[in-house]
Amino acid sequence: MLMKPMPKISIVIAVRHGQSTIPAIDAAKRLEYPKKLLEILVARGMQPAVQRNKAIRKATGEIIYFLDDDSLPDKGNLKRALQHFSGMNADIVGGPSICPKDAPQQEQLFHKVMGSWLAFGPSSARYRNTGRVRETNEKELILCNLMVEKSIFLKHGGFDEALHPNEENALMDMVEKSGGKLVYDPHIIVHRRPRHTTGQFLDMLLGYGEGRAKQFRLHPSPNSFFNFLPAFFCFYLLLLPFLPLWTLWPLAVYGGMVLLQSFFLRHFPLYLRGTFALLIVLCHVCYGFGFSKGLFTPLKSHDSPSKAAAPVETIVPPYIQR
């Protein structure tokens, strides 16, 4: 029986104009994969969806591996993912983004919040290497650690350039609706630090909420209905001063759940457990307000000119000659 040849893989990294430090490049060069079957494409610009689409058009690989500029993938990620593309007939494969152990304690706390099911729901799997290899949907996969068959990517028209963030979620949703298979592997890991400050973290949550609402408007899907809950929660909080006392019971139950999870938070001192509880609440409030804003914010036109993007750079490791 003939063995199927290993496919060529293109690693796509979107970066800002003028950015010189790109840790993902060195990490990508250390991946355990034949170097002649690996290319690294760096797409510069100000709109990641535009940059990545441009890089895909230049890519020569059969499989595209998307990394963020600060993603540090485990060395065995590519070989492990290939097992799912062949053995499970997967169209898209991904795994979690894990906070490095040497990150500051505050960043570790942010990561704990993102990995909390109470805070992030099923999307908490994006930040926890737990569970088993499984068929999944777009809720559990994250763009900073995502592999897609190039033919599938092109078949669905690439990323919607009117979206950022959530361009990858819209694409994955379309793939799933068309009968494609998405696979989550908790052992396909990138190490990546969360936002560095509380302000940046909360601003990220606002952006996530707004992006999901815009995705829902452009690409309606039942997968997005769950994301209405934080917006309803915010609306409930705003109405509390005008509601009778008996309507406080949902808030009491919610508060109890937050405190209970904070109590069982391991490896953090008591005062940080209180911060963890506050961050979960702020997570829901910021996401809810961002989602509400996104429901009414004017959408970018699909036909509007894309933001300028510089030529895509192909990085060839110095130990490979062409």
# chains A, B, ... in the order shown; residues from 1 in each chain; ligands from 1
call {"tool": "select_by_dssp", "arguments": {"residues": "range 57-291 of chain A", "states": "strand (DSSP E)", "output": "PyMOL selection string"}}
result
chain A and resi 63-67+72-73+92-94+97-98+134-136+145-149+182-184+190-191
call {"tool": "write_last_selection", "arguments": {"atoms": "C-alpha atoms", "output": "tab-separated table (two decimals), in the first residue's frame"}}
result
chain	number	residue	atom	x	y	z
A	63	ILE	CA	-2.68	23.27	4.24
A	64	ILE	CA	-2.60	26.73	5.80
A	65	TYR	CA	-1.50	27.17	9.42
A	66	PHE	CA	-2.60	30.52	10.86
A	67	LEU	CA	-0.53	31.95	13.69
A	72	LEU	CA	4.59	30.03	19.94
A	73	PRO	CA	3.47	26.63	18.63
A	92	ILE	CA	-10.16	22.49	9.81
A	93	VAL	CA	-8.03	21.53	12.83
A	94	GLY	CA	-7.09	23.61	15.85
A	97	SER	CA	-3.86	29.05	23.19
A	98	ILE	CA	-2.16	28.59	26.56
A	134	ARG	CA	-13.31	15.76	19.18
A	135	GLU	CA	-15.38	17.02	16.31
A	136	THR	CA	-16.40	20.55	17.20
A	145	ASN	CA	-3.71	28.27	16.29
A	146	LEU	CA	-5.75	27.10	13.31
A	147	MET	CA	-5.07	24.87	10.29
A	148	VAL	CA	-7.29	24.86	7.21
A	149	GLU	CA	-7.12	23.03	3.90
A	182	LEU	CA	-13.92	20.83	12.35
A	183	VAL	CA	-11.66	19.05	14.84
A	184	TYR	CA	-10.39	20.27	18.22
A	190	VAL	CA	0.39	27.49	21.06
A	191	HIS	CA	1.75	29.49	23.98
call {"tool": "select_by_dssp", "arguments": {"residues": "range 28-125 of chain A", "states": "helix (DSSP H, G or I)", "output": "PDB file with N, CA and C atoms, in the first residue's frame"}}
result
ATOM      1  N   ALA A  28       7.987  29.097  14.392  1.00  0.00           N
ATOM      2  CA  ALA A  28       7.549  28.318  13.232  1.00  0.00           C
ATOM      3  C   ALA A  28       8.714  27.572  12.589  1.00  0.00           C
ATOM      4  N   LYS A  29       9.897  28.174  12.606  1.00  0.00           N
ATOM      5  CA  LYS A  29      11.075  27.521  12.026  1.00  0.00           C
ATOM      6  C   LYS A  29      11.488  26.278  12.816  1.00  0.00           C
ATOM      7  N   LYS A  35      11.638  20.701   6.139  1.00  0.00           N
ATOM      8  CA  LYS A  35      11.765  22.125   5.829  1.00  0.00           C
ATOM      9  C   LYS A  35      11.448  22.454   4.374  1.00  0.00           C
ATOM     10  N   LYS A  36      11.670  21.498   3.481  1.00  0.00           N
ATOM     11  CA  LYS A  36      11.368  21.758   2.070  1.00  0.00           C
ATOM     12  C   LYS A  36       9.864  21.781   1.820  1.00  0.00           C
ATOM     13  N   LEU A  37       9.079  21.320   2.797  1.00  0.00           N
ATOM     14  CA  LEU A  37       7.620  21.311   2.665  1.00  0.00           C
ATOM     15  C   LEU A  37       6.968  22.385   3.525  1.00  0.00           C
ATOM     16  N   PRO A  48      -6.268  42.552   9.457  1.00  0.00           N
ATOM     17  CA  PRO A  48      -5.789  41.167   9.384  1.00  0.00           C
ATOM     18  C   PRO A  48      -6.523  40.276   8.390  1.00  0.00           C
ATOM     19  N   ALA A  49      -7.846  40.447   8.245  1.00  0.00           N
ATOM     20  CA  ALA A  49      -8.576  39.607   7.299  1.00  0.00           C
ATOM     21  C   ALA A  49      -8.083  39.853   5.873  1.00  0.00           C
ATOM     22  N   VAL A  50      -7.842  41.125   5.540  1.00  0.00           N
ATOM     23  CA  VAL A  50      -7.320  41.481   4.218  1.00  0.00           C
ATOM     24  C   VAL A  50      -5.927  40.891   4.033  1.00  0.00           C
ATOM     25  N   GLN A  51      -5.093  41.030   5.047  1.00  0.00           N
ATOM     26  CA  GLN A  51      -3.713  40.547   4.968  1.00  0.00           C
ATOM     27  C   GLN A  51      -3.675  39.032   4.766  1.00  0.00           C
ATOM     28  N   ARG A  52      -4.473  38.326   5.535  1.00  0.00           N
ATOM     29  CA  ARG A  52      -4.452  36.857   5.439  1.00  0.00           C
ATOM     30  C   ARG A  52      -4.988  36.386   4.088  1.00  0.00           C
ATOM     31  N   ASN A  53      -6.036  37.026   3.602  1.00  0.00           N
ATOM     32  CA  ASN A  53      -6.548  36.659   2.278  1.00  0.00           C
ATOM     33  C   ASN A  53      -5.481  36.844   1.205  1.00  0.00           C
ATOM     34  N   LYS A  54      -4.751  37.925   1.328  1.00  0.00           N
ATOM     35  CA  LYS A  54      -3.700  38.202   0.351  1.00  0.00           C
ATOM     36  C   LYS A  54      -2.597  37.146   0.427  1.00  0.00           C
ATOM     37  N   ALA A  55      -2.261  36.737   1.648  1.00  0.00           N
ATOM     38  CA  ALA A  55      -1.215  35.723   1.827  1.00  0.00           C
ATOM     39  C   ALA A  55      -1.655  34.378   1.261  1.00  0.00           C
ATOM     40  N   ILE A  56      -2.930  34.033   1.423  1.00  0.00           N
ATOM     41  CA  ILE A  56      -3.422  32.748   0.920  1.00  0.00           C
ATOM     42  C   ILE A  56      -3.287  32.680  -0.592  1.00  0.00           C
ATOM     43  N   ARG A  57      -3.522  33.794  -1.261  1.00  0.00           N
ATOM     44  CA  ARG A  57      -3.415  33.798  -2.721  1.00  0.00           C
ATOM     45  C   ARG A  57      -1.982  33.528  -3.183  1.00  0.00           C
ATOM     46  N   LYS A  58      -1.011  33.835  -2.322  1.00  0.00           N
ATOM     47  CA  LYS A  58       0.385  33.598  -2.668  1.00  0.00           C
ATOM     48  C   LYS A  58       0.876  32.241  -2.160  1.00  0.00           C
ATOM     49  N   ASN A  77       3.069  20.152  16.513  1.00  0.00           N
ATOM     50  CA  ASN A  77       1.699  20.506  16.108  1.00  0.00           C
ATOM     51  C   ASN A  77       1.334  20.045  14.699  1.00  0.00           C
ATOM     52  N   LEU A  78       2.233  20.237  13.750  1.00  0.00           N
ATOM     53  CA  LEU A  78       1.895  19.946  12.358  1.00  0.00           C
ATOM     54  C   LEU A  78       1.687  18.448  12.139  1.00  0.00           C
ATOM     55  N   LYS A  79       2.605  17.645  12.638  1.00  0.00           N
ATOM     56  CA  LYS A  79       2.475  16.196  12.444  1.00  0.00           C
ATOM     57  C   LYS A  79       1.227  15.664  13.149  1.00  0.00           C
ATOM     58  N   ARG A  80       0.919  16.225  14.307  1.00  0.00           N
ATOM     59  CA  ARG A  80      -0.277  15.769  15.027  1.00  0.00           C
ATOM     60  C   ARG A  80      -1.546  16.151  14.251  1.00  0.00           C
ATOM     61  N   ALA A  81      -1.568  17.351  13.706  1.00  0.00           N
ATOM     62  CA  ALA A  81      -2.743  17.804  12.961  1.00  0.00           C
ATOM     63  C   ALA A  81      -2.965  16.981  11.704  1.00  0.00           C
ATOM     64  N   LEU A  82      -1.881  16.561  11.042  1.00  0.00           N
ATOM     65  CA  LEU A  82      -2.026  15.775   9.821  1.00  0.00           C
ATOM     66  C   LEU A  82      -2.779  14.474  10.071  1.00  0.00           C
ATOM     67  N   GLN A  83      -2.656  13.919  11.265  1.00  0.00           N
ATOM     68  CA  GLN A  83      -3.392  12.695  11.604  1.00  0.00           C
ATOM     69  C   GLN A  83      -4.895  12.935  11.527  1.00  0.00           C
ATOM     70  N   HIS A  84      -5.327  14.142  11.886  1.00  0.00           N
ATOM     71  CA  HIS A  84      -6.762  14.452  11.868  1.00  0.00           C
ATOM     72  C   HIS A  84      -7.244  14.788  10.460  1.00  0.00           C
ATOM     73  N   PHE A  85      -6.382  15.430   9.669  1.00  0.00           N
ATOM     74  CA  PHE A  85      -6.772  15.722   8.293  1.00  0.00           C
ATOM     75  C   PHE A  85      -6.960  14.431   7.500  1.00  0.00           C
ATOM     76  N   SER A  86      -6.126  13.428   7.793  1.00  0.00           N
ATOM     77  CA  SER A  86      -6.234  12.165   7.058  1.00  0.00           C
ATOM     78  C   SER A  86      -7.159  11.178   7.769  1.00  0.00           C
ATOM     79  N   GLY A  87      -6.933  10.940   9.064  1.00  0.00           N
ATOM     80  CA  GLY A  87      -7.693   9.924   9.785  1.00  0.00           C
ATOM     81  C   GLY A  87      -9.130  10.293  10.065  1.00  0.00           C
ATOM     82  N   GLN A 105       1.680  37.429  36.973  1.00  0.00           N
ATOM     83  CA  GLN A 105       0.514  36.854  37.649  1.00  0.00           C
ATOM     84  C   GLN A 105      -0.803  37.454  37.162  1.00  0.00           C
ATOM     85  N   GLN A 106      -0.788  38.745  36.835  1.00  0.00           N
ATOM     86  CA  GLN A 106      -2.009  39.378  36.364  1.00  0.00           C
ATOM     87  C   GLN A 106      -2.456  38.763  35.039  1.00  0.00           C
ATOM     88  N   GLU A 107      -1.510  38.495  34.157  1.00  0.00           N
ATOM     89  CA  GLU A 107      -1.845  37.865  32.884  1.00  0.00           C
ATOM     90  C   GLU A 107      -2.328  36.433  33.095  1.00  0.00           C
ATOM     91  N   GLN A 108      -1.730  35.746  34.060  1.00  0.00           N
ATOM     92  CA  GLN A 108      -2.200  34.401  34.397  1.00  0.00           C
ATOM     93  C   GLN A 108      -3.661  34.452  34.850  1.00  0.00           C
ATOM     94  N   LEU A 109      -3.998  35.509  35.580  1.00  0.00           N
ATOM     95  CA  LEU A 109      -5.376  35.659  36.057  1.00  0.00           C
ATOM     96  C   LEU A 109      -6.328  35.915  34.889  1.00  0.00           C
ATOM     97  N   PHE A 110      -5.933  36.773  33.956  1.00  0.00           N
ATOM     98  CA  PHE A 110      -6.753  37.013  32.773  1.00  0.00           C
ATOM     99  C   PHE A 110      -7.003  35.697  32.026  1.00  0.00           C
ATOM    100  N   HIS A 111      -5.954  34.903  31.926  1.00  0.00           N
ATOM    101  CA  HIS A 111      -6.080  33.626  31.213  1.00  0.00           C
ATOM    102  C   HIS A 111      -7.020  32.675  31.944  1.00  0.00           C
ATOM    103  N   LYS A 112      -6.984  32.700  33.264  1.00  0.00           N
ATOM    104  CA  LYS A 112      -7.906  31.869  34.045  1.00  0.00           C
ATOM    105  C   LYS A 112      -9.355  32.274  33.779  1.00  0.00           C
ATOM    106  N   VAL A 113      -9.583  33.561  33.656  1.00  0.00           N
ATOM    107  CA  VAL A 113     -10.934  34.042  33.355  1.00  0.00           C
ATOM    108  C   VAL A 113     -11.373  33.539  31.987  1.00  0.00           C
ATOM    109  N   MET A 114     -10.497  33.648  30.990  1.00  0.00           N
ATOM    110  CA  MET A 114     -10.847  33.210  29.638  1.00  0.00           C
ATOM    111  C   MET A 114     -11.065  31.705  29.572  1.00  0.00           C
ATOM    112  N   TRP A 117     -15.514  28.341  32.137  1.00  0.00           N
ATOM    113  CA  TRP A 117     -16.745  28.099  31.386  1.00  0.00           C
ATOM    114  C   TRP A 117     -17.811  29.114  31.768  1.00  0.00           C
ATOM    115  N   LEU A 118     -17.807  29.540  33.042  1.00  0.00           N
ATOM    116  CA  LEU A 118     -18.782  30.525  33.492  1.00  0.00           C
ATOM    117  C   LEU A 118     -18.585  31.850  32.771  1.00  0.00           C
ATOM    118  N   ALA A 119     -17.352  32.207  32.475  1.00  0.00           N
ATOM    119  CA  ALA A 119     -17.061  33.478  31.814  1.00  0.00           C
ATOM    120  C   ALA A 119     -17.191  33.388  30.298  1.00  0.00           C
ATOM    121  N   PHE A 120     -16.633  32.351  29.687  1.00  0.00           N
ATOM    122  CA  PHE A 120     -16.545  32.275  28.238  1.00  0.00           C
ATOM    123  C   PHE A 120     -17.394  31.176  27.618  1.00  0.00           C
ATOM    124  N   GLY A 121     -18.095  30.397  28.427  1.00  0.00           N
ATOM    125  CA  GLY A 121     -18.930  29.337  27.883  1.00  0.00           C
ATOM    126  C   GLY A 121     -18.090  28.315  27.127  1.00  0.00           C
ATOM    127  N   PRO A 122     -18.604  27.743  26.034  1.00  0.00           N
ATOM    128  CA  PRO A 122     -17.847  26.732  25.288  1.00  0.00           C
ATOM    129  C   PRO A 122     -16.540  27.267  24.701  1.00  0.00           C
ATOM    130  N   SER A 123     -16.447  28.581  24.523  1.00  0.00           N
ATOM    131  CA  SER A 123     -15.221  29.163  23.977  1.00  0.00           C
ATOM    132  C   SER A 123     -14.061  29.106  24.960  1.00  0.00           C
ATOM    133  N   SER A 124     -14.324  28.719  26.209  1.00  0.00           N
ATOM    134  CA  SER A 124     -13.243  28.559  27.178  1.00  0.00           C
ATOM    135  C   SER A 124     -12.267  27.472  26.742  1.00  0.00           C
ATOM    136  N   ALA A 125     -12.713  26.550  25.868  1.00  0.00           N
ATOM    137  CA  ALA A 125     -11.824  25.499  25.363  1.00  0.00           C
ATOM    138  C   ALA A 125     -10.680  26.082  24.542  1.00  0.00           C
TER     139      ALA A 125
END
call {"tool": "closest_residue", "arguments": {"among": "A:Pro298, A:Pro244, A:Pro194, A:Pro269", "to": "Leu218 in chain A", "atoms": "only C-alpha atoms"}}
result
A:Pro298
